[in-house]
>>> print(open('work24.cif').read())   # mmCIF, C-alpha atoms
data_entry
loop_
_atom_site.label_atom_id
_atom_site.label_comp_id
_atom_site.auth_asym_id
_atom_site.auth_seq_id
_atom_site.Cartn_x
_atom_site.Cartn_y
_atom_site.Cartn_z
CA MET A 433 109.27 108.12 90.01
CA LYS A 434 108.23 104.55 90.80
CA GLU A 435 106.56 103.09 87.73
CA ILE A 436 103.50 100.86 87.78
CA LEU A 437 103.23 98.97 84.49
CA TYR A 438 99.83 97.96 83.09
CA VAL A 439 99.94 95.38 80.32
CA ILE A 440 97.00 95.87 77.96
CA LEU A 441 96.25 93.68 74.96
CA ASP A 442 93.59 93.99 72.26
CA GLN A 443 90.12 94.04 73.87
CA TRP A 444 91.39 94.78 77.37
CA ALA A 445 88.71 95.16 80.04
CA ASP A 446 88.08 98.86 80.73
CA TRP A 447 86.87 98.48 84.32
CA GLU A 448 89.74 96.31 85.54
CA PRO A 449 92.66 98.80 85.79
CA ALA A 450 90.45 101.87 86.34
CA TYR A 451 90.23 101.91 90.14
CA LEU A 452 93.86 100.95 90.68
CA SER A 453 95.34 103.46 88.26
CA THR A 454 93.29 106.37 89.58
CA ALA A 455 94.01 105.47 93.22
CA VAL A 456 97.73 105.32 92.40
CA LYS A 457 97.38 108.86 91.05
CA THR A 458 95.41 110.02 94.11
CA PHE A 459 97.57 108.43 96.81
CA GLY A 460 100.87 108.38 94.94
CA ASN A 461 101.84 111.96 95.80
CA ASN A 462 103.88 112.28 92.63
CA LEU A 463 106.11 109.39 93.73
CA TYR A 464 104.31 106.80 91.61
CA ILE A 465 103.43 106.96 87.94
CA ASN A 466 101.23 104.68 85.81
CA ARG A 467 102.58 103.45 82.48
CA THR A 468 100.79 101.36 79.88
CA VAL A 469 102.56 98.54 78.05
CA SER A 470 101.59 96.47 75.03
CA LEU A 471 103.14 94.19 72.43
CA THR A 472 103.84 97.08 70.07
CA SER A 473 103.51 100.86 70.24
CA ASP A 474 100.27 100.77 68.22
CA PRO A 475 96.99 101.85 69.88
CA VAL A 476 95.21 99.08 71.75
CA GLU A 477 91.42 99.05 71.79
CA SER A 478 89.49 98.20 74.95
CA ILE A 479 86.29 96.14 75.04
CA GLY A 480 84.46 99.47 75.38
CA GLY A 481 86.17 100.82 72.26
CA PHE A 482 88.62 103.24 73.90
CA ARG A 483 91.86 103.32 71.88
CA VAL A 484 94.89 103.65 74.15
CA THR A 485 98.39 104.39 72.89
CA PRO A 486 100.78 102.50 75.17
CA ASP A 487 103.71 104.25 76.83
CA TYR A 488 106.00 101.27 76.22
CA GLU A 489 106.13 98.42 73.76
CA ILE A 490 107.28 95.14 75.24
CA ASN A 491 110.95 95.58 74.32
CA SER A 492 111.34 99.09 75.72
CA ILE A 493 110.29 98.49 79.32
CA PRO A 494 112.60 99.93 82.00
CA GLU A 495 114.30 97.46 84.32
CA ASN A 496 113.39 99.41 87.40
CA TYR A 497 109.67 99.29 87.85
CA GLU A 498 107.61 98.84 90.98
CA ALA A 499 104.75 96.60 89.89
CA LEU A 500 103.58 94.68 86.83
CA ILE A 501 99.82 94.52 86.38
CA LEU A 502 98.22 92.27 83.77
CA VAL A 503 94.85 93.73 82.81
CA GLY A 504 92.26 91.12 81.85
CA GLY A 505 90.64 90.97 78.46
CA MET A 506 90.01 88.80 75.43
CA SER A 507 93.56 88.20 74.18
CA TRP A 508 95.44 86.41 76.96
CA ARG A 509 94.99 83.01 75.30
CA ASN A 510 96.35 84.17 71.94
CA LYS A 511 99.72 82.90 70.77
CA GLU A 512 101.24 86.38 70.70
CA ALA A 513 100.53 86.94 74.41
CA GLU A 514 103.36 84.50 75.07
CA LEU A 515 105.75 87.36 74.36
CA ILE A 516 104.80 88.64 77.83
CA LYS A 517 105.93 85.45 79.61
CA PRO A 518 109.61 86.41 80.18
CA LEU A 519 108.52 89.73 81.68
CA VAL A 520 106.15 87.94 84.07
CA GLN A 521 108.75 85.37 85.09
CA ASN A 522 111.40 88.05 85.69
CA CYS A 523 108.99 90.09 87.76
CA PHE A 524 108.10 87.04 89.85
CA LYS A 525 111.73 86.02 90.39
CA SER A 526 112.67 89.54 91.45
CA GLY A 527 109.92 89.55 94.08
CA LYS A 528 108.34 92.68 92.64
CA ILE A 529 104.59 93.15 92.85
CA LEU A 530 102.84 91.07 90.19
CA GLY A 531 99.10 91.40 89.58
CA GLY A 532 96.66 89.64 87.27
CA ILE A 533 92.88 89.97 87.05
CA CYS A 534 90.21 88.01 85.18
CA ASP A 535 91.60 86.02 82.28
CA ALA A 536 95.10 87.35 83.00
CA THR A 537 95.04 84.90 85.94
CA PHE A 538 94.83 82.12 83.35
CA PHE A 539 97.90 83.61 81.71
CA LEU A 540 99.74 83.85 85.05
CA ALA A 541 98.91 80.19 85.70
CA SER A 542 100.24 79.29 82.25
CA THR A 543 103.67 80.68 83.23
CA GLY A 544 103.84 78.50 86.35
CA VAL A 545 104.09 81.42 88.80
CA LEU A 546 100.83 80.59 90.59
CA ASN A 547 101.84 77.04 91.58
CA GLY A 548 103.57 78.07 94.79
CA VAL A 549 101.44 80.99 95.96
CA LYS A 550 97.89 81.30 97.21
CA HIS A 551 95.78 82.72 94.40
CA THR A 552 92.36 83.06 92.84
CA GLY A 553 91.00 83.58 89.33
CA ASN A 554 87.89 83.18 87.21
CA GLY A 555 87.28 79.69 88.63
CA LEU A 556 89.55 76.73 89.32
CA ASN A 557 88.08 74.81 86.38
CA SER A 558 89.51 77.35 83.97
CA LEU A 559 93.05 76.67 85.25
CA LYS A 560 92.96 72.87 85.65
CA PRO A 561 93.40 72.05 81.93
CA LEU A 562 96.83 73.78 81.96
CA GLU A 563 99.51 71.09 82.07
CA ILE A 564 101.95 73.38 83.89
CA TYR A 565 99.39 74.23 86.59
CA THR A 566 99.83 72.30 89.86
CA GLY A 567 98.48 74.99 92.19
CA GLU A 568 95.05 73.48 92.83
CA ASN A 569 95.55 73.38 96.61
CA ASN A 570 96.53 77.05 96.61
CA TYR A 571 93.34 78.16 94.86
CA ILE A 572 91.12 80.32 97.10
CA GLU A 573 87.51 81.27 96.41
CA LYS A 574 87.69 84.96 97.20
CA GLN A 575 87.36 88.27 95.30
CA ALA A 576 91.14 88.88 95.45
CA VAL A 577 94.13 87.08 96.95
CA ASN A 578 97.49 88.61 97.90
CA ASP A 579 100.37 86.23 98.64
CA LYS A 580 104.09 86.95 98.44
CA ASN A 581 103.47 90.04 96.29
CA VAL A 582 101.38 88.10 93.76
CA ILE A 583 97.87 89.55 93.58
CA THR A 584 95.08 87.80 91.69
CA ALA A 585 91.38 88.54 91.31
CA ASN A 586 88.31 87.55 89.34
CA GLY A 587 86.87 89.90 86.76
CA SER A 588 84.14 91.21 89.07
CA ALA A 589 86.72 92.37 91.62
CA PRO A 590 88.49 95.49 90.29
CA LEU A 591 88.13 97.25 93.65
CA GLU A 592 89.39 94.31 95.73
CA PHE A 593 92.26 93.83 93.25
CA ALA A 594 93.18 97.50 93.58
CA ARG A 595 92.97 97.41 97.38
CA GLU A 596 95.42 94.50 97.64
CA ILE A 597 97.90 96.10 95.26
CA LEU A 598 97.69 99.47 97.02
CA ILE A 599 98.43 97.69 100.31
CA SER A 600 101.41 95.85 98.79
CA LEU A 601 102.71 99.13 97.38
CA ASP A 602 102.36 100.59 100.89
CA ILE A 603 101.22 103.71 99.06
CA THR A 604 99.41 105.16 102.08
CA GLU A 605 97.98 104.06 105.46
CA GLU A 606 96.01 100.82 105.19
CA ASN A 607 93.12 102.51 106.96
CA GLU A 608 92.94 105.14 104.23
CA ILE A 609 93.00 102.45 101.54
CA ASN A 610 90.12 100.64 103.26
CA GLU A 611 88.08 103.85 103.49
CA TRP A 612 88.66 104.46 99.78
CA TYR A 613 87.61 100.89 99.03
CA LYS A 614 84.45 101.13 101.12
CA PHE A 615 83.40 104.44 99.57
CA ASN A 616 83.72 103.09 96.03
CA LYS A 617 82.28 99.66 96.81
CA ILE A 618 79.13 100.88 98.52
CA GLY A 619 78.88 104.29 96.91
CA PHE A 620 77.97 107.67 98.34
CA TYR A 621 74.35 106.54 98.69
CA LYS A 622 73.45 102.93 99.40
CA SER A 623 72.17 101.04 96.41
CA ASP A 624 68.83 99.22 96.43
CA ILE A 625 70.60 95.85 96.59
CA ILE A 626 73.10 96.27 99.42
CA MET B 143 75.10 101.16 63.87
CA LYS B 144 73.66 103.27 66.68
CA GLU B 145 76.47 105.39 68.09
CA ILE B 146 76.97 106.14 71.78
CA LEU B 147 79.21 109.21 72.18
CA TYR B 148 81.50 109.55 75.22
CA VAL B 149 82.91 113.03 75.75
CA ILE B 150 86.31 112.80 77.45
CA LEU B 151 88.41 115.79 78.46
CA ASP B 152 91.92 115.98 79.93
CA GLN B 153 92.07 113.97 83.20
CA TRP B 154 88.85 112.08 82.56
CA ALA B 155 87.87 109.57 85.23
CA ASP B 156 88.80 106.04 84.10
CA TRP B 157 86.17 104.17 86.12
CA GLU B 158 83.20 106.27 85.06
CA PRO B 159 82.58 105.14 81.44
CA ALA B 160 84.09 101.65 81.91
CA TYR B 161 81.00 99.68 82.94
CA LEU B 162 78.68 101.41 80.50
CA SER B 163 80.92 101.07 77.47
CA THR B 164 81.66 97.40 78.06
CA ALA B 165 78.01 96.59 78.74
CA VAL B 166 77.05 98.34 75.50
CA LYS B 167 79.53 96.05 73.74
CA THR B 168 78.20 92.96 75.52
CA PHE B 169 74.46 93.62 75.11
CA GLY B 170 74.63 95.69 71.93
CA ASN B 171 74.67 92.74 69.54
CA ASN B 172 76.58 94.72 66.96
CA LEU B 173 73.74 97.24 66.76
CA TYR B 174 75.42 99.75 69.06
CA ILE B 175 78.93 101.14 68.87
CA ASN B 176 80.87 103.28 71.35
CA ARG B 177 82.70 106.37 70.06
CA THR B 178 84.93 108.72 72.02
CA VAL B 179 84.76 112.48 71.47
CA SER B 180 87.02 115.31 72.62
CA LEU B 181 87.78 118.94 71.84
CA THR B 182 90.44 118.02 69.29
CA SER B 183 91.69 114.80 67.76
CA ASP B 184 94.74 114.76 70.06
CA PRO B 185 95.12 111.98 72.65
CA VAL B 186 93.38 112.68 75.94
CA GLU B 187 94.96 111.40 79.15
CA SER B 188 92.83 109.89 81.90
CA ILE B 189 93.42 110.43 85.63
CA GLY B 190 95.05 106.97 85.62
CA GLY B 191 97.39 107.99 82.79
CA PHE B 192 95.77 106.05 79.92
CA ARG B 193 96.12 108.08 76.71
CA VAL B 194 93.03 107.71 74.52
CA THR B 195 92.84 108.92 70.93
CA PRO B 196 89.27 110.13 70.36
CA ASP B 197 87.22 108.88 67.43
CA TYR B 198 85.75 112.34 66.83
CA GLU B 199 86.79 115.88 67.56
CA ILE B 200 83.98 118.18 68.54
CA ASN B 201 83.32 119.51 65.02
CA SER B 202 83.15 116.13 63.30
CA ILE B 203 80.38 114.48 65.30
CA PRO B 204 77.65 112.80 63.27
CA GLU B 205 74.14 114.20 63.58
CA ASN B 206 72.59 110.82 64.10
CA TYR B 207 73.75 109.45 67.38
CA GLU B 208 71.84 107.57 70.06
CA ALA B 209 73.23 108.94 73.31
CA LEU B 210 75.65 111.60 74.54
CA ILE B 211 77.58 110.69 77.68
CA LEU B 212 79.70 113.25 79.54
CA VAL B 213 82.44 111.40 81.42
CA GLY B 214 83.48 113.09 84.68
CA GLY B 215 86.97 114.34 85.32
CA MET B 216 89.03 117.36 86.23
CA SER B 217 88.38 119.66 83.24
CA TRP B 218 84.65 120.36 83.18
CA ARG B 219 85.08 123.77 84.85
CA ASN B 220 87.71 124.94 82.38
CA LYS B 221 86.84 127.66 79.90
CA GLU B 222 87.42 125.41 76.89
CA ALA B 223 84.80 122.89 78.06
CA GLU B 224 82.19 125.47 77.04
CA LEU B 225 82.74 124.35 73.45
CA ILE B 226 80.66 121.29 74.41
CA LYS B 227 77.61 123.35 75.45
CA PRO B 228 75.89 123.54 72.03
CA LEU B 229 76.21 119.76 71.66
CA VAL B 230 74.60 119.23 75.06
CA GLN B 231 71.78 121.66 74.38
CA ASN B 232 71.04 120.13 70.99
CA CYS B 233 71.03 116.64 72.47
CA PHE B 234 68.61 117.76 75.19
CA LYS B 235 66.28 119.54 72.76
CA SER B 236 66.15 116.51 70.50
CA GLY B 237 65.14 114.27 73.41
CA LYS B 238 68.09 111.93 72.85
CA ILE B 239 69.66 110.20 75.82
CA LEU B 240 71.95 112.60 77.71
CA GLY B 241 74.15 111.37 80.55
CA GLY B 242 76.55 113.08 82.93
CA ILE B 243 78.44 111.68 85.89
CA CYS B 244 80.49 113.27 88.66
CA ASP B 245 81.68 116.77 87.82
CA ALA B 246 80.03 116.52 84.41
CA THR B 247 76.76 117.01 86.31
CA PHE B 248 78.09 120.45 87.27
CA PHE B 249 78.65 121.10 83.59
CA LEU B 250 75.13 119.88 82.69
CA ALA B 251 73.73 122.21 85.34
CA SER B 252 75.75 125.08 83.86
CA THR B 253 73.94 124.64 80.53
CA GLY B 254 70.51 124.90 82.17
CA VAL B 255 69.33 121.45 81.07
CA LEU B 256 68.93 120.14 84.65
CA ASN B 257 66.49 122.83 85.78
CA GLY B 258 63.40 121.01 84.52
CA VAL B 259 64.31 117.37 85.16
CA LYS B 260 64.88 115.29 88.27
CA HIS B 261 68.61 114.84 88.70
CA THR B 262 71.48 114.19 91.06
CA GLY B 263 75.19 115.04 91.14
CA ASN B 264 78.15 115.36 93.46
CA GLY B 265 76.07 117.26 96.01
CA LEU B 266 73.52 120.06 95.73
CA ASN B 267 75.97 122.56 97.24
CA SER B 268 78.25 122.19 94.23
CA LEU B 269 75.43 123.29 91.89
CA LYS B 270 73.85 126.11 93.92
CA PRO B 271 76.50 128.74 93.09
CA LEU B 272 75.61 128.50 89.38
CA GLU B 273 73.46 131.48 88.47
CA ILE B 274 71.66 129.58 85.72
CA TYR B 275 70.78 126.72 88.07
CA THR B 276 67.21 126.78 89.37
CA GLY B 277 66.73 123.04 89.76
CA GLU B 278 67.13 122.79 93.50
CA ASN B 279 63.72 121.19 94.00
CA ASN B 280 64.54 118.57 91.37
CA TYR B 281 67.75 117.44 93.10
CA ILE B 282 67.53 113.87 94.42
CA GLU B 283 69.97 112.24 96.83
CA LYS B 284 70.47 108.94 95.03
CA GLN B 285 73.31 107.13 93.25
CA ALA B 286 71.79 107.80 89.82
CA VAL B 287 68.65 109.52 88.54
CA ASN B 288 66.92 108.97 85.19
CA ASP B 289 64.27 111.47 84.10
CA LYS B 290 63.09 112.26 80.58
CA ASN B 291 66.19 110.63 79.07
CA VAL B 292 68.56 112.72 81.20
CA ILE B 293 70.70 110.47 83.40
CA THR B 294 72.88 111.87 86.18
CA ALA B 295 75.03 110.20 88.84
CA ASN B 296 77.66 110.96 91.44
CA GLY B 297 81.24 109.84 90.91
CA SER B 298 80.90 106.74 93.08
CA ALA B 299 78.05 105.42 90.93
CA PRO B 300 79.46 104.17 87.61
CA LEU B 301 77.38 101.00 87.81
CA GLU B 302 74.12 102.76 88.69
CA PHE B 303 74.81 105.32 85.93
CA ALA B 304 75.37 102.51 83.44
CA ARG B 305 72.24 100.65 84.53
CA GLU B 306 70.00 103.67 83.96
CA ILE B 307 71.48 104.40 80.55
CA LEU B 308 71.23 100.76 79.47
CA ILE B 309 67.55 100.82 80.49
CA SER B 310 66.94 104.04 78.54
CA LEU B 311 68.68 102.55 75.50
CA ASP B 312 66.36 99.53 75.87
CA ILE B 313 69.43 97.53 74.88
CA THR B 314 68.15 94.27 76.37
CA GLU B 315 65.56 93.01 78.89
CA GLU B 316 65.55 95.08 82.09
CA ASN B 317 65.87 91.88 84.08
CA GLU B 318 69.12 91.05 82.31
CA ILE B 319 70.44 94.56 82.98
CA ASN B 320 69.62 94.20 86.67
CA GLU B 321 71.39 90.82 86.86
CA TRP B 322 74.46 92.35 85.22
CA TYR B 323 74.32 95.24 87.70
CA LYS B 324 74.00 92.95 90.70
CA PHE B 325 76.86 90.71 89.60
CA ASN B 326 79.23 93.64 89.19
CA LYS B 327 78.05 95.53 92.27
CA ILE B 328 78.36 92.64 94.69
CA GLY B 329 80.97 90.62 92.86
CA PHE B 330 81.29 86.90 92.28
CA TYR B 331 82.16 86.40 95.96
CA LYS B 332 80.72 88.64 98.65
CA SER B 333 83.17 91.21 99.97
CA ASP B 334 83.95 91.53 103.69
CA ILE B 335 81.93 94.76 103.89
CA ILE B 336 78.61 93.89 102.21
#
>>> encode(input="work24.cif", output="structure tokens")
Amino acid sequence: MKEILYVILDQWADWEPAYLSTAVKTFGNNLYINRTVSLTSDPVESIGGFRVTPDYEINSIPENYEALILVGGMSWRNKEAELIKPLVQNCFKSGKILGGICDATFFLASTGVLNGVKHTGNGLNSLKPLEIYTGENNYIEKQAVNDKNVITANGSAPLEFAREILISLDITEENEINEWYKFNKIGFYKSDII
Amino acid sequence: MKEILYVILDQWADWEPAYLSTAVKTFGNNLYINRTVSLTSDPVESIGGFRVTPDYEINSIPENYEALILVGGMSWRNKEAELIKPLVQNCFKSGKILGGICDATFFLASTGVLNGVKHTGNGLNSLKPLEIYTGENNYIEKQAVNDKNVITANGSAPLEFAREILISLDITEENEINEWYKFNKIGFYKSDII
């Protein structure tokens, strides 16, 4: 089974991994499996108050995984999040799929991995204060950006984030991924605002 | 604290409670708290593979709660789901807020509570085979329907479901709820399809 790792920290954002993880289950045909990761094996509470027991703590992660997904939330600027940095840098160096959404893009920038790839985030101004960050010219104002297997998105883009990662995983035909995206973005019935 | 109860069963749908629960946290001003409920106190795995330990098992639910939300998923047609029926019927009789999304609307219909209120679901044809269901003329083809504190939605409508429940909770100004909805529906940047 190809493992997709989701890093969740205290007060992780419920809506951000939800579309990706369920689409991986739907399209993965029992070849892909989702696994949650955190700093320890203790339950991790989401913003919405859902307490998730991670499958792996940071030191028990398998070497062979398919993608590393950093789920946004309220803890990426905490000192202890730095324990995730080696994992991120190894993933990036290996060329594996690396995703970050919402404030996890700030964390990705703080490791230096965004400097050389096109990317987005929760606004360029949030990244500029980082001394290590020199990627200003690679910043793109778009829901999600996919460059060299690094996928970034702002916090209002869980569907666009998922779409780009599903395409990078080559989990099914791109056409099928786009149909899935469209159905969930618009909804079965059109909303009053779109 | 006013408690919002989320009933999750095995293979619950990750994206369906995510917007509501986080908005309750954001707008709730420490007056509202989200609590997960399941048949037992054992962890309950989502479709995406996130293992959530419920706050309450079915027999330990407090009498004074504010809303009962049935999260869609793959287990609402199982025999053991019937243990939830008395809770649903009591909630309905008391006039408290009762929500169901995706296949949980099938379950709501199977308790009889949808017969006398306007509602929607994952298609009228999925409800018709239920002998107890006589609500055909109350079925509305819409992302989400809110009538007499009963809120129903199809599985592609987590945002519309959340909006209606937030309005029923009167958790903040309706205008603020609509702005929140619009931001999350469209996204910070417009997508290529809307």
>>> resolve_selection(input="work24.cif", expression="the PyMOL selection byres ((chain A and resi 537) around 12)", output="short mmCIF file (atom, residue, chain, number, x, y, z; two decimals) with C-alpha atoms, in the coordinates of the input")
data_model
loop_
_atom_site.label_atom_id
_atom_site.label_comp_id
_atom_site.auth_asym_id
_atom_site.auth_seq_id
_atom_site.Cartn_x
_atom_site.Cartn_y
_atom_site.Cartn_z
CA ILE A 501 99.82 94.52 86.38
CA LEU A 502 98.22 92.27 83.77
CA VAL A 503 94.85 93.73 82.81
CA GLY A 504 92.26 91.12 81.85
CA GLY A 505 90.64 90.97 78.46
CA TRP A 508 95.44 86.41 76.96
CA ARG A 509 94.99 83.01 75.30
CA VAL A 520 106.15 87.94 84.07
CA LEU A 530 102.84 91.07 90.19
CA GLY A 531 99.10 91.40 89.58
CA GLY A 532 96.66 89.64 87.27
CA ILE A 533 92.88 89.97 87.05
CA CYS A 534 90.21 88.01 85.18
CA ASP A 535 91.60 86.02 82.28
CA ALA A 536 95.10 87.35 83.00
CA PHE A 538 94.83 82.12 83.35
CA PHE A 539 97.90 83.61 81.71
CA LEU A 540 99.74 83.85 85.05
CA ALA A 541 98.91 80.19 85.70
CA SER A 542 100.24 79.29 82.25
CA THR A 543 103.67 80.68 83.23
CA GLY A 544 103.84 78.50 86.35
CA VAL A 545 104.09 81.42 88.80
CA LEU A 546 100.83 80.59 90.59
CA ASN A 547 101.84 77.04 91.58
CA HIS A 551 95.78 82.72 94.40
CA THR A 552 92.36 83.06 92.84
CA GLY A 553 91.00 83.58 89.33
CA ASN A 554 87.89 83.18 87.21
CA GLY A 555 87.28 79.69 88.63
CA LEU A 556 89.55 76.73 89.32
CA SER A 558 89.51 77.35 83.97
CA LEU A 559 93.05 76.67 85.25
CA LEU A 562 96.83 73.78 81.96
CA TYR A 565 99.39 74.23 86.59
CA TYR A 571 93.34 78.16 94.86
CA ALA A 576 91.14 88.88 95.45
CA VAL A 577 94.13 87.08 96.95
CA VAL A 582 101.38 88.10 93.76
CA ILE A 583 97.87 89.55 93.58
CA THR A 584 95.08 87.80 91.69
CA ALA A 585 91.38 88.54 91.31
CA ASN A 586 88.31 87.55 89.34
CA GLY A 587 86.87 89.90 86.76
CA PHE A 593 92.26 93.83 93.25
#
>>> closest_atom_pairs(input="work24.cif", of="chain B", to="chain A", cutoff="7 Å", atoms="only C-alpha atoms", output="CSV")
residue,atom,partner,partner_atom,distance
B:Asp156,CA,A:Ala450,CA,5.0
B:Trp157,CA,A:Ala450,CA,4.9
B:Ala160,CA,A:Trp447,CA,4.9
B:Tyr161,CA,A:Trp447,CA,6.1
B:Ser163,CA,A:Gly480,CA,4.4
B:Thr164,CA,A:Gly480,CA,4.4
B:Lys167,CA,A:Gly480,CA,6.2
B:Asn176,CA,A:Gly481,CA,5.9
B:Arg177,CA,A:Gly481,CA,6.9
B:Thr178,CA,A:Phe482,CA,6.9
B:Ile189,CA,A:Thr454,CA,5.7
B:Gly190,CA,A:Thr454,CA,4.4
B:Gly191,CA,A:Asn466,CA,5.9
B:Phe192,CA,A:Val484,CA,6.3
B:Arg193,CA,A:Val484,CA,5.3
B:Val194,CA,A:Val484,CA,4.5
B:Thr195,CA,A:Arg483,CA,5.8
B:Lys284,CA,A:Tyr621,CA,5.8
B:Gln285,CA,A:Tyr621,CA,5.6
B:Ser298,CA,A:Gly619,CA,5.0
B:Ala299,CA,A:Gly619,CA,6.1
B:Asn326,CA,A:Ser588,CA,5.5
B:Gly329,CA,A:Ser588,CA,5.0
B:Phe330,CA,A:Ser588,CA,6.1
B:Tyr331,CA,A:Gln575,CA,5.6
B:Ser333,CA,A:Gln575,CA,6.9
B:Ile336,CA,A:Ile626,CA,6.6
>>> residues_around(input="work24.cif", residues="segment 318-322 of chain B", least_positions_apart="4", cutoff="8 Å", atoms="all atoms listed in the file", output="PyMOL selection string")
chain B and resi 305+308-309+314+326
>>> atom_distance(input="work24.cif", atom1="atom CA of Tyr174 of chain B", atom2="atom CA of Tyr207 of chain B")
10.0 Å
>>> atom_distance(input="work24.cif", atom1="atom CA of Gly277 of chain B", atom2="atom CA of Lys260 of chain B")
8.1 Å
>>> atom_distance(input="work24.cif", atom1="atom CA of Ile490 of chain A", atom2="atom CA of Asp442 of chain A")
14.1 Å
>>> axis_aligned_box(input="work24.cif", around="segment 506-522 of chain A", padding_each_side="4 Å", output="AutoDock Vina command-line options")
--center_x 100.7 --center_y 86.3 --center_z 78.2 --size_x 29.4 --size_y 14.8 --size_z 23.0
